[in-house]
Amino acid sequence: MKNVAWLLIFLLSVWVNGVVRTTDAATRQQFQPPLTEEEMLDWLIENNHDAERLPGDKYRIYWRDYFHPEPNRTDAAGKRYRVSSFDWGPRGDVADVVVSSSVEVAIPWEQFSASQGLPTFRYRYRLASLKTSLQPVRSLRIYTTDLPRNWNRNISNPPGWSNGGQPPQYEWGSNRVRWSVRDRNYLVDPGESQSGFIFQCQSVPGILTASVWTTGRDWSGIEGIATLSHTETSPRGPIIGPVAIPVETSVLELTRRLETLTSQSVELEWLDASAAAPLQQHLTRTITAFGKNQHSQAKQEIQQFVEALNALEKQSHTVVSSGSPSTEGEKQNPAEPPIIEEALTLLKTNAAYLLTKF
């Protein structure tokens, strides 16, 4: 399926280390920029004559000045130039952030009919800037690349923030939901958090990418000199978001999709690997039942999948009440939940949608 293929590409591209880790407990990981510090320097060197890193997230960029050439320095085309330098920085997006996400049904299931197309879901986000951040956060962006541009997003804003409205309809425009600070008093400073980023739309929940932008970027420059932009620097990571799949997708395909989302929840550390095992067993038995044309048995397995999720939810609430789970990429307390809100709401909503297809 297109969505599954995109998710696999996402896991290979966003996580630069490319290492799938087996988790002992569910955690929410810190967003990372698409390029490492070394790769950012390499990018500046590749797109200019040379570059070096300076203290304070600044850079010295060397460029070819053809307006004031030296007599004994020529390029491959024989054109004379002089090497000049330009100090640029800070680079911007120097922030350590964690974004939590969840999804819920916006229209009760009993009011939903398959003839209406996909259901409507409500997506919620909370942005936390860690104390180690060096710049305040000014923008949050959810990239809804798997959703048609003409599908309306009903967007709500936190106080002091505004949204960018619906995505442009032309193909080269960015297909995303964007929130930006409209009052500097509402910037998310280091050590602070902001909730209230909400939108709803017709969709099925999947795994998307979000990124944050900060204040403090050096916007000065010289024509012909390439400096780092948000494309190279903005911290980003996986969140729950809307995707579009064909309404006629079969129950078998939906089960395989749920199986993929479960495995990816483990890979993203949203779900404890040992806690995922019984969930995956239910899905394996569901697929086996379909192969034997035992649809009633398949439905029972999905119902048991939901019951297992409910048990994990209760277990997680017990753990959280006895100790605060880490949200900063490091385990701060030995009592960590087996599942966090991302995996719980993602899997429950997809299982519920699947049950409507029997």
# chains A, B, ... in the order shown; residues from 1 in each chain; ligands from 1

$ residues_around --residues "stretch 277-289 of chain A" --least-positions-apart "6" --cutoff "6 Å" --atoms "only C-alpha atoms" --output "NGL selection string"
:A and (298 or 301 or 305)

$ select_by_dssp --residues "stretch 172-307 of chain A" --states "strand (DSSP E or B)" --output "number ranges by chain"
A: 176-181, 188, 193-202, 204-214, 236-243, 271

$ residues_around --residues "A:Ala210" --least-positions-apart "2" --cutoff "6 Å" --atoms "only C-alpha atoms" --output "tab-separated table (two decimals) with N, CA, C and O atoms, in the first residue's frame"
chain	number	residue	atom	x	y	z
A	141	ARG	N	5.12	22.79	12.70
A	141	ARG	CA	4.60	22.42	11.39
A	141	ARG	C	4.36	20.92	11.33
A	141	ARG	O	5.24	20.13	11.67
A	142	ILE	N	3.17	20.54	10.88
A	142	ILE	CA	2.80	19.14	10.68
A	142	ILE	C	2.69	18.91	9.19
A	142	ILE	O	1.87	19.54	8.51
A	236	ARG	N	13.11	17.83	13.89
A	236	ARG	CA	11.90	17.17	13.41
A	236	ARG	C	11.82	15.76	13.95
A	236	ARG	O	12.81	15.19	14.39
A	237	GLY	N	10.63	15.20	13.89
A	237	GLY	CA	10.44	13.85	14.37
A	237	GLY	C	9.05	13.34	14.06
A	237	GLY	O	8.21	14.06	13.49

$ select_by_dssp --residues "stretch 64-306 of chain A" --states "alpha helix (DSSP H)" --output "PyMOL selection string"
chain A and resi 230-233+251-267+273-291+295-306

$ residues_around --residues "A:Asp57" --least-positions-apart "2" --cutoff "9 Å" --atoms "only C-alpha atoms" --output "list of chain:residue names"
A:Arg53, A:Leu54, A:Pro55, A:Tyr59, A:Gly89, A:Pro90, A:Arg91, A:Gly92, A:Val94

$ write_last_selection --atoms "N, CA and C atoms" --output "PDB file, in the first residue's frame"
ATOM      1  N   ARG A  53      33.747  25.907  11.566  1.00  0.00           N
ATOM      2  CA  ARG A  53      32.837  26.219  12.660  1.00  0.00           C
ATOM      3  C   ARG A  53      33.515  27.162  13.647  1.00  0.00           C
ATOM      4  N   LEU A  54      32.736  28.139  14.137  1.00  0.00           N
ATOM      5  CA  LEU A  54      33.187  29.074  15.158  1.00  0.00           C
ATOM      6  C   LEU A  54      32.387  28.847  16.430  1.00  0.00           C
ATOM      7  N   PRO A  55      32.812  29.353  17.572  1.00  0.00           N
ATOM      8  CA  PRO A  55      32.022  29.202  18.807  1.00  0.00           C
ATOM      9  C   PRO A  55      30.650  29.863  18.675  1.00  0.00           C
ATOM     10  N   TYR A  59      29.627  30.295  12.005  1.00  0.00           N
ATOM     11  CA  TYR A  59      30.487  29.703  10.987  1.00  0.00           C
ATOM     12  C   TYR A  59      31.249  30.803  10.255  1.00  0.00           C
ATOM     13  N   GLY A  89      26.087  33.559  11.541  1.00  0.00           N
ATOM     14  CA  GLY A  89      25.511  32.782  12.634  1.00  0.00           C
ATOM     15  C   GLY A  89      24.962  33.696  13.720  1.00  0.00           C
ATOM     16  N   PRO A  90      24.213  33.129  14.690  1.00  0.00           N
ATOM     17  CA  PRO A  90      24.001  31.689  14.879  1.00  0.00           C
ATOM     18  C   PRO A  90      23.097  31.103  13.795  1.00  0.00           C
ATOM     19  N   ARG A  91      23.167  29.787  13.666  1.00  0.00           N
ATOM     20  CA  ARG A  91      22.502  29.139  12.548  1.00  0.00           C
ATOM     21  C   ARG A  91      21.003  29.027  12.724  1.00  0.00           C
ATOM     22  N   GLY A  92      20.478  29.108  13.929  1.00  0.00           N
ATOM     23  CA  GLY A  92      19.038  28.958  14.130  1.00  0.00           C
ATOM     24  C   GLY A  92      18.635  27.520  14.372  1.00  0.00           C
ATOM     25  N   VAL A  94      18.409  25.991  17.112  1.00  0.00           N
ATOM     26  CA  VAL A  94      19.220  25.348  18.140  1.00  0.00           C
ATOM     27  C   VAL A  94      18.317  25.134  19.352  1.00  0.00           C
TER      28      VAL A  94
END

$ atom_distance --atom1 "atom CA of A:Thr345" --atom2 "atom CA of A:Gly241"
11.1 Å

$ closest_residue --among "A:Pro108, A:Gly224, A:Gly78, A:Gly117" --to "A:Pro246" --atoms "only C-alpha atoms"
A:Gly117
